[in-house]
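J.: input.txt (compact mmCIF, C-alpha atoms) pasted underneath:
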```txt
# COMPACT_ATOMS: atom_id res chain seq x y z
CA MET N 1 78.42 -26.46 -13.76
CA GLY N 2 76.35 -23.59 -15.09
CA ASP N 3 73.61 -25.96 -16.26
CA VAL N 4 73.51 -27.65 -12.86
CA ALA N 5 73.19 -24.32 -11.10
CA VAL N 6 70.29 -23.27 -13.30
CA GLY N 7 68.53 -26.56 -12.77
CA ALA N 8 68.98 -26.39 -9.03
CA ARG N 9 67.67 -22.85 -8.91
CA SER N 10 64.54 -23.42 -10.98
CA GLY N 11 63.69 -26.90 -9.73
CA ARG N 12 62.15 -27.78 -13.16
CA ASP N 13 62.97 -28.37 -16.79
CA GLU N 14 62.65 -25.43 -19.16
CA GLY N 15 59.50 -26.89 -20.72
CA GLU N 16 57.62 -27.29 -17.46
CA GLU N 17 55.02 -24.83 -16.23
CA ARG N 18 55.30 -23.31 -12.83
CA PRO N 19 52.62 -24.65 -10.46
CA ASP N 20 51.13 -21.22 -9.84
CA GLU N 21 50.87 -20.55 -13.59
CA ALA N 22 49.20 -23.91 -14.18
CA GLU N 23 46.76 -23.27 -11.35
CA ARG N 24 45.97 -19.81 -12.72
CA GLU N 25 45.37 -21.16 -16.22
CA ALA N 26 43.15 -23.92 -14.84
CA GLU N 27 41.10 -21.36 -13.00
CA ASP N 28 40.89 -19.11 -16.05
CA GLY N 29 39.93 -22.02 -18.22
CA GLY N 30 37.30 -23.10 -15.71
CA ALA N 31 35.84 -19.62 -15.66
CA GLU N 32 35.73 -19.49 -19.44
CA ALA N 33 34.29 -22.97 -19.63
CA ARG N 34 31.62 -22.16 -17.04
CA PRO N 35 28.64 -20.99 -19.13
CA HIS N 36 26.84 -17.78 -18.15
CA ARG N 37 23.26 -18.49 -17.16
CA SER N 38 20.83 -17.10 -19.68
CA PHE N 39 18.60 -14.21 -18.64
CA TRP N 40 15.64 -16.28 -19.78
CA LYS N 41 16.63 -19.03 -17.35
CA GLU N 42 16.75 -16.46 -14.55
CA LEU N 43 13.41 -14.92 -15.53
CA PRO N 44 11.20 -17.48 -13.71
CA LEU N 45 13.20 -16.86 -10.53
CA LEU N 46 12.82 -13.11 -10.97
CA ILE N 47 9.07 -13.45 -11.46
CA GLY N 48 8.72 -15.80 -8.49
CA ILE N 49 10.58 -13.47 -6.13
CA ALA N 50 8.63 -10.47 -7.44
CA LEU N 51 5.31 -12.21 -6.83
CA LEU N 52 6.33 -13.25 -3.33
CA LEU N 53 7.44 -9.73 -2.46
CA ALA N 54 4.26 -8.30 -4.00
CA LEU N 55 2.16 -10.58 -1.80
CA LEU N 56 4.07 -9.58 1.33
CA ILE N 57 3.86 -5.86 0.47
CA LYS N 58 0.15 -6.11 -0.31
CA THR N 59 -0.50 -7.93 2.96
CA PHE N 60 1.59 -5.90 5.36
CA LEU N 61 2.84 -2.62 3.88
CA VAL N 62 0.92 -0.75 1.20
CA GLN N 63 -1.89 -1.50 -1.22
CA ALA N 64 -3.48 0.41 -4.05
CA PHE N 65 -7.25 0.87 -4.26
CA SER N 66 -9.43 2.13 -7.07
CA ILE N 67 -12.14 4.73 -6.43
CA PRO N 68 -15.38 3.57 -8.13
CA SER N 69 -17.82 6.30 -7.05
CA ASP N 70 -18.18 10.04 -6.46
CA SER N 71 -18.73 9.99 -2.69
CA MET N 72 -15.30 11.50 -1.89
CA GLN N 73 -15.29 14.26 -4.52
CA ASN N 74 -13.47 16.51 -5.01
CA THR N 75 -10.73 15.05 -2.85
CA LEU N 76 -10.94 11.81 -4.80
CA GLN N 77 -12.39 11.34 -8.25
CA ARG N 78 -13.91 8.24 -9.77
CA GLY N 79 -11.06 6.21 -11.26
CA ASP N 80 -8.34 7.55 -8.96
CA ARG N 81 -5.88 5.04 -7.52
CA VAL N 82 -4.84 5.68 -3.93
CA LEU N 83 -2.05 4.08 -1.94
CA VAL N 84 -3.09 2.91 1.50
CA ASP N 85 -0.65 2.58 4.40
CA LYS N 86 -1.30 -0.82 5.97
CA LEU N 87 1.85 -0.92 8.08
CA THR N 88 1.13 1.51 10.92
CA PRO N 89 -2.03 -0.30 12.11
CA TRP N 90 0.17 -3.33 12.78
CA PHE N 91 1.99 -1.23 15.40
CA GLY N 92 -1.20 -0.23 17.18
CA SER N 93 -1.78 3.05 15.35
CA GLU N 94 -5.46 4.04 15.20
CA PRO N 95 -7.20 6.45 12.82
CA GLU N 96 -6.93 10.17 13.59
CA ARG N 97 -9.53 12.86 12.96
CA GLY N 98 -9.34 14.05 9.39
CA GLU N 99 -7.65 11.00 7.92
CA VAL N 100 -9.05 9.41 4.77
CA VAL N 101 -9.32 5.72 5.61
CA VAL N 102 -10.18 2.48 3.85
CA PHE N 103 -12.22 0.00 5.89
CA HIS N 104 -14.01 -3.29 5.48
CA ASP N 105 -17.78 -3.07 5.20
CA PRO N 106 -18.80 -2.99 8.90
CA ALA N 107 -22.50 -3.85 8.64
CA SER N 108 -23.60 -4.56 5.06
CA TRP N 109 -23.25 -0.95 3.97
CA LEU N 110 -22.70 -2.27 0.46
CA ALA N 111 -25.63 -4.67 0.51
CA GLY N 112 -27.14 -4.92 -2.93
CA GLU N 113 -24.03 -3.68 -4.69
CA PRO N 114 -23.21 -6.00 -7.61
CA THR N 115 -20.13 -8.20 -7.17
CA PRO N 116 -18.54 -9.47 -10.40
CA GLU N 117 -17.76 -13.17 -10.53
CA PRO N 118 -14.03 -13.65 -11.18
CA ASN N 119 -12.66 -16.60 -13.13
CA PHE N 120 -9.93 -18.87 -11.77
CA ALA N 121 -7.07 -16.86 -13.27
CA GLN N 122 -8.45 -13.64 -11.80
CA GLN N 123 -8.77 -15.30 -8.41
CA VAL N 124 -5.13 -16.40 -8.48
CA LEU N 125 -3.86 -13.02 -9.66
CA SER N 126 -5.93 -11.18 -7.07
CA LYS N 127 -4.33 -13.24 -4.30
CA ILE N 128 -0.89 -11.98 -5.27
CA GLY N 129 -2.02 -8.42 -5.81
CA LEU N 130 -1.89 -8.29 -9.60
CA MET N 131 -5.64 -7.86 -10.04
CA PRO N 132 -8.50 -6.46 -7.94
CA ASP N 133 -10.24 -8.89 -5.62
CA ALA N 134 -13.91 -8.72 -6.53
CA ALA N 135 -14.93 -10.42 -3.29
CA GLU N 136 -13.48 -7.70 -1.06
CA LYS N 137 -16.05 -5.09 -0.05
CA ASP N 138 -14.19 -2.07 1.23
CA LEU N 139 -15.15 1.58 1.57
CA ILE N 140 -13.27 4.86 1.76
CA LYS N 141 -14.38 7.86 3.86
CA ARG N 142 -12.95 10.65 5.98
CA THR N 143 -12.61 10.09 9.72
CA ILE N 144 -14.56 12.90 11.42
CA ALA N 145 -14.55 11.74 15.06
CA ILE N 146 -12.77 9.04 17.05
CA GLY N 147 -13.49 7.11 20.24
CA GLY N 148 -14.55 9.38 23.09
CA ASP N 149 -15.44 12.35 20.85
CA THR N 150 -18.83 14.05 20.82
CA VAL N 151 -19.98 14.87 17.31
CA GLU N 152 -23.09 16.52 15.88
CA CYS N 153 -24.36 18.44 12.89
CA LYS N 154 -27.61 20.42 12.76
CA LYS N 155 -29.35 21.36 9.56
CA GLY N 156 -27.86 24.57 8.21
CA GLY N 157 -24.86 24.33 10.54
CA PRO N 158 -21.35 22.88 10.48
CA VAL N 159 -20.12 19.59 11.83
CA VAL N 160 -19.11 20.11 15.47
CA VAL N 161 -16.55 17.86 17.22
CA ASN N 162 -16.06 18.28 20.96
CA GLY N 163 -17.67 21.70 20.77
CA LYS N 164 -15.43 22.89 17.91
CA ALA N 165 -17.03 23.76 14.57
CA LEU N 166 -15.18 22.31 11.60
CA ASP N 167 -14.21 24.47 8.65
CA GLU N 168 -14.38 21.91 5.85
CA PRO N 169 -12.97 23.27 2.58
CA TYR N 170 -12.75 19.71 1.23
CA ILE N 171 -16.55 19.38 1.02
CA TYR N 172 -17.83 19.16 -2.55
CA PRO N 173 -18.69 22.64 -3.89
CA GLY N 174 -22.36 23.45 -3.38
CA ASN N 175 -22.85 20.80 -0.67
CA SER N 176 -23.86 21.58 2.90
CA ALA N 177 -22.18 19.96 5.87
CA CYS N 178 -25.12 17.66 6.62
CA ASP N 179 -28.47 19.18 5.52
CA ASP N 180 -29.49 15.91 3.87
CA ALA N 181 -29.00 13.93 7.09
CA PRO N 182 -28.47 15.94 10.33
CA PHE N 183 -27.43 13.98 13.40
CA GLY N 184 -26.36 14.10 17.03
CA PRO N 185 -25.10 14.99 19.38
CA LEU N 186 -23.67 11.53 19.94
CA THR N 187 -20.58 10.10 21.58
CA VAL N 188 -18.30 7.82 19.62
CA PRO N 189 -17.61 4.62 21.57
CA LYS N 190 -14.04 3.60 22.28
CA GLY N 191 -12.57 1.53 19.49
CA LYS N 192 -14.91 3.09 16.89
CA ILE N 193 -14.81 6.00 14.43
CA TRP N 194 -17.44 8.20 12.78
CA VAL N 195 -16.90 8.65 9.04
CA MET N 196 -18.35 10.92 6.36
CA GLY N 197 -17.79 11.36 2.64
CA ASP N 198 -16.53 14.65 1.24
CA HIS N 199 -19.39 14.71 -1.28
CA ARG N 200 -21.90 14.96 1.53
CA GLN N 201 -25.07 14.84 -0.55
CA ASN N 202 -23.78 11.80 -2.44
CA SER N 203 -22.35 9.66 0.35
CA GLN N 204 -23.99 6.81 2.24
CA ASP N 205 -21.75 7.28 5.27
CA SER N 206 -22.16 6.88 9.05
CA ARG N 207 -25.24 9.13 9.06
CA TYR N 208 -27.21 6.68 6.95
CA HIS N 209 -26.38 3.61 9.05
CA MET N 210 -27.35 4.74 12.54
CA GLN N 211 -30.01 2.00 12.66
CA ASP N 212 -27.48 -0.72 11.82
CA SER N 213 -25.94 -3.05 14.36
CA THR N 214 -22.91 -0.74 14.62
CA GLN N 215 -25.13 2.41 14.88
CA GLY N 216 -23.15 3.98 12.07
CA PHE N 217 -19.79 3.65 13.82
CA VAL N 218 -16.90 1.84 12.16
CA PRO N 219 -14.89 -0.50 14.42
CA VAL N 220 -11.20 0.35 14.37
CA ASP N 221 -10.35 -3.29 13.71
CA LYS N 222 -12.23 -2.98 10.41
CA VAL N 223 -9.89 -0.24 9.20
CA VAL N 224 -7.47 -1.45 6.51
CA GLY N 225 -5.30 1.66 6.64
CA ARG N 226 -4.96 5.33 5.84
CA ALA N 227 -5.02 6.57 2.24
CA VAL N 228 -1.88 8.68 1.93
CA VAL N 229 -1.34 9.37 -1.78
CA VAL N 230 -3.34 9.68 -4.98
CA ALA N 231 -0.94 7.72 -7.18
CA TRP N 232 -2.83 7.58 -10.48
CA PRO N 233 -3.48 9.18 -12.88
CA ILE N 234 -0.25 11.14 -12.83
CA THR N 235 -2.13 14.39 -13.44
CA ARG N 236 -3.98 13.79 -10.17
CA TRP N 237 -0.94 12.94 -8.06
CA ALA N 238 -1.27 14.41 -4.57
CA THR N 239 -0.79 13.58 -0.91
CA LEU N 240 -3.79 13.31 1.42
CA PRO N 241 -2.84 15.30 4.53
CA ILE N 242 -5.01 15.92 7.56
CA PRO N 243 -6.81 19.29 7.16
CA ASP N 244 -5.82 22.03 9.59
CA THR N 245 -9.36 22.26 11.01
CA PHE N 246 -8.77 18.98 12.88
CA ASP N 247 -5.71 20.49 14.55
CA GLN N 248 -7.46 23.47 16.14
CA PRO N 249 -6.88 23.93 19.88
CA GLY N 250 -9.34 22.17 22.12
CA ILE N 251 -10.67 19.69 19.60
CA GLY N 252 -8.96 16.83 21.39
CA ASN N 253 -5.85 15.68 23.16
CA GLN N 254 -4.61 13.28 20.52
CA THR N 255 -1.68 14.46 18.42
CA LYS N 256 -2.22 14.78 14.71
CA ALA N 257 -0.15 12.29 12.75
CA THR N 258 2.58 14.00 10.76
CA ALA N 259 4.25 11.05 9.11
CA LEU N 260 3.15 10.12 5.59
CA GLY N 261 3.28 6.43 6.42
CA LEU N 262 4.22 3.61 4.30
CA GLY N 263 0.71 6.46 7.15
CA ALA N 264 -21.49 4.16 0.25
CA ALA N 265 -18.27 3.97 -2.04
CA GLY N 266 -17.28 0.40 -2.64
CA LEU N 267 -13.54 0.07 -3.23
CA ALA N 268 -11.70 -2.22 -5.60
CA PRO N 269 -8.15 -3.20 -4.58
CA VAL N 270 -5.51 -2.76 -7.28
CA GLY N 271 -2.35 -4.85 -7.25
CA LEU N 272 -0.16 -2.64 -9.44
CA GLY N 273 1.57 -0.96 -6.50
CA PRO N 274 2.61 -4.15 -4.66
CA ALA N 275 3.48 -5.88 -7.94
CA ALA N 276 5.73 -3.05 -9.06
CA LEU N 277 7.42 -2.86 -5.66
CA GLY N 278 7.85 -6.61 -5.65
CA LEU N 279 9.55 -6.52 -9.05
CA VAL N 280 11.87 -3.76 -7.92
CA GLY N 281 12.80 -5.77 -4.84
CA ALA N 282 13.34 -8.97 -6.82
CA VAL N 283 15.80 -7.54 -9.36
CA PRO N 284 18.71 -6.98 -6.91
CA VAL N 285 18.28 -10.50 -5.52
CA VAL N 286 18.43 -12.11 -8.96
CA MET N 287 21.34 -9.92 -10.10
CA TRP N 288 23.33 -10.85 -6.99
CA ARG N 289 22.67 -14.50 -7.65
CA ARG N 290 23.77 -14.15 -11.29
CA ARG N 291 27.05 -12.56 -10.23
CA ARG N 292 27.70 -15.42 -7.81
CA LEU N 293 26.99 -18.03 -10.48
CA THR N 294 29.02 -16.40 -13.25
CA SER N 295 31.95 -15.06 -11.23
CA GLY N 296 35.32 -16.66 -12.06
CA THR N 297 36.52 -16.08 -8.51
CA THR N 298 33.81 -18.12 -6.80
CA GLY N 299 35.28 -20.13 -3.95
CA ARG N 300 38.21 -17.82 -3.18
```
Rewrite the coordinates I just gave you, this time as structure tokens.

T.:
Amino acid sequence: MGDVAVGARSGRDEGEERPDEAEREAEDGGAEARPHRSFWKELPLLIGIALLLALLIKTFLVQAFSIPSDSMQNTLQRGDRVLVDKLTPWFGSEPERGEVVVFHDPASWLAGEPTPEPNFAQQVLSKIGLMPDAAEKDLIKRTIAIGGDTVECKKGGPVVVNGKALDEPYIYPGNSACDDAPFGPLTVPKGKIWVMGDHRQNSQDSRYHMQDSTQGFVPVDKVVGRAVVVAWPITRWATLPIPDTFDQPGIGNQTKATALGLGAAGLAPVGLGPAALGLVGAVPVVMWRRRRLTSGTTGR
């Protein structure tokens, strides 16, 4: 009677496994049998995602540029790498007075400048932001006046915008405001900007292109973005704010931009910034995928 009672209660022989135990062991065995994917097998995926993100970042968000000349000294030195905010122009933001901007060559300002011939590998890497694009001819200058402004500079005097004299502490020591090439007064057309280098006596800026098709003005649609940070070398790290002189009362009705962003000197794009950001963005994606593939609880 006792044996019958035990058998009825358990519903199995003593040697049988309970269904839940068997299921658990099967799952555990499956998890142990499932091989962990090697890091080296995941590496191509990591690289692919990083390159895709780098391309997207380079195209739409931020890009690094190398300074190849002395036309923006001492604000920028030859060899500096600056990060350029490319996002805000997509939302209709236009350059403000005082901003340091990167722009495409508007009217052959860089004519005659040598352009190195890249090989196939360099062309591919430049497309994804890992190397400079030798074909791109971009410049970097400071925005002095924007559409609708009146700007002038007489020999021996300061630059004057809308009747307000600019105090320009960023000008290269020993330089005058414009003695090498006085100009104006002139009115900046809508949709254009007037730009000048900080090293005034060593800058082929708007003053030297007044006879060009653009009359020295840079179309806003040629502006790549605002340079916001000197990112390299580390000893030169600094932000690039708008100088206070452009915020003086009466100079204009437009509000000075306060956000950092992320808002002739030929400029070489550098892909290190987008590439690094792309790699950082790719790592979490790959790690998440690895956890899904190697987890013993997948499917629960």

J.: When you count only C-alpha atoms, which of these residues is closest to Asp167 of chain N: N:Met196, N:Thr88, N:Asp247, N:Tyr208?

T.: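 Among the listed residues, N:Asp247 lies closest to Asp167 of chain N.
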
J.: Using Å and a single decimal, report how far atom CA of Lys222 of chain N sits from atom CA of Lys137 of chain N.

T.: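 Atom-to-atom, atom CA of Lys137 of chain N and atom CA of Lys222 of chain N are spaced 11.3 Å apart.
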
J.: Hey, can you check how far atom CA of Glu152 of chain N sits from atom CA of Leu186 of chain N?

T.: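 One can read the atom CA of Glu152 of chain N to atom CA of Leu186 of chain N distance as 6.5 Å.
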
J.: So that I can check the surroundings of segment 172-182 of chain N, please list as a tab-separated table (two decimals) with C-alpha atoms, keeping the file's coordinate frame every protein, DNA and RNA residue that reaches within 6 Å of it, counting all atoms listed in the file and ignoring chain neighbours fewer than 5 positions away.

T.:
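File produced: around_39.tsv:
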```tsv
chain	number	residue	atom	x	y	z
N	73	GLN	CA	-15.29	14.26	-4.52
N	74	ASN	CA	-13.47	16.51	-5.01
N	153	CYS	CA	-24.36	18.44	12.89
N	154	LYS	CA	-27.61	20.42	12.76
N	155	LYS	CA	-29.35	21.36	9.56
N	158	PRO	CA	-21.35	22.88	10.48
N	199	HIS	CA	-19.39	14.71	-1.28
```

J.: Restricting the calculation to all atoms listed in the file, which member of N:Val160, N:Leu110, N:Met210, N:Val101 is positioned closest to Val84 of chain N?

T.: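 Under the stated criterion, the closest residue is N:Val101.
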
J.: Mind listing whatever residues come within 6 Å of the point (-0.6, 13.3, -2.6)? Use all atoms listed in the file, file coordinates, and give them as a PyMOL selection string.

T.: chain N and resi 229-230+237-240

J.: Would you compute the distance between atom CA of Gly216 of chain N and atom CA of Leu83 of chain N? Give it in Å to one decimal.

T.: 25.3 Å

J.: Skipping near chain neighbours, those fewer than 6 positions away, what residues fall within 8 Å of Met72 of chain N using all atoms listed in the file, listed as a list of chain:residue names?

T.: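 After dropping sequence-adjacent residues, the list is N:Ile140, N:Lys141, N:Gly197, N:Asp198, N:His199, N:Ser203.
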
J.: Residues as selected, C-alpha atoms, written as a PDB file, in the frame of the given file, can you do that?

T.:
```pdb
ATOM      1  CA  ILE N 140     -13.270   4.860   1.760  1.00  0.00           C
ATOM      2  CA  LYS N 141     -14.380   7.860   3.860  1.00  0.00           C
ATOM      3  CA  GLY N 197     -17.790  11.360   2.640  1.00  0.00           C
ATOM      4  CA  ASP N 198     -16.530  14.650   1.240  1.00  0.00           C
ATOM      5  CA  HIS N 199     -19.390  14.710  -1.280  1.00  0.00           C
ATOM      6  CA  SER N 203     -22.350   9.660   0.350  1.00  0.00           C
TER       7      SER N 203
END
```

J.: Please return, as a tab-separated table (two decimals) with C-alpha atoms, in the coordinates of the input, all polymer residues that have at least one atom within 6 Å of the point (-1.2, -0.9, -0.3); use only C-alpha atoms and the file's own coordinate frame.

T.:
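The resulting part.tsv:
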```
chain	number	residue	atom	x	y	z
N	58	LYS	CA	0.15	-6.11	-0.31
N	62	VAL	CA	0.92	-0.75	1.20
N	63	GLN	CA	-1.89	-1.50	-1.22
N	64	ALA	CA	-3.48	0.41	-4.05
N	83	LEU	CA	-2.05	4.08	-1.94
N	84	VAL	CA	-3.09	2.91	1.50
N	85	ASP	CA	-0.65	2.58	4.40
```

J.: Identify, on the basis of only C-alpha atoms, every residue whose closest approach to Trp232 of chain N does not exceed 8 Å; exclude the query and any residue fewer than 2 positions from it along the same chain; express the result as a ChimeraX atom specification.

T.: /N:80-82,230,234-237

J.: Which residue is closest to Gln77 of chain N? Choose from N:Pro233, N:Pro249, N:Gly147, N:Pro106 and count only C-alpha atoms.

T.: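 Among N:Pro233, N:Pro249, N:Gly147, N:Pro106, it is N:Pro233 that comes nearest to Gln77 of chain N.
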
J.: Using all atoms listed in the file for the distances, tell me which of N:Pro185, N:Gly252, N:Ile144, N:Leu139 is nearest to Ser69 of chain N.

T.: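 Of all the options, N:Leu139 lies closest to Ser69 of chain N.
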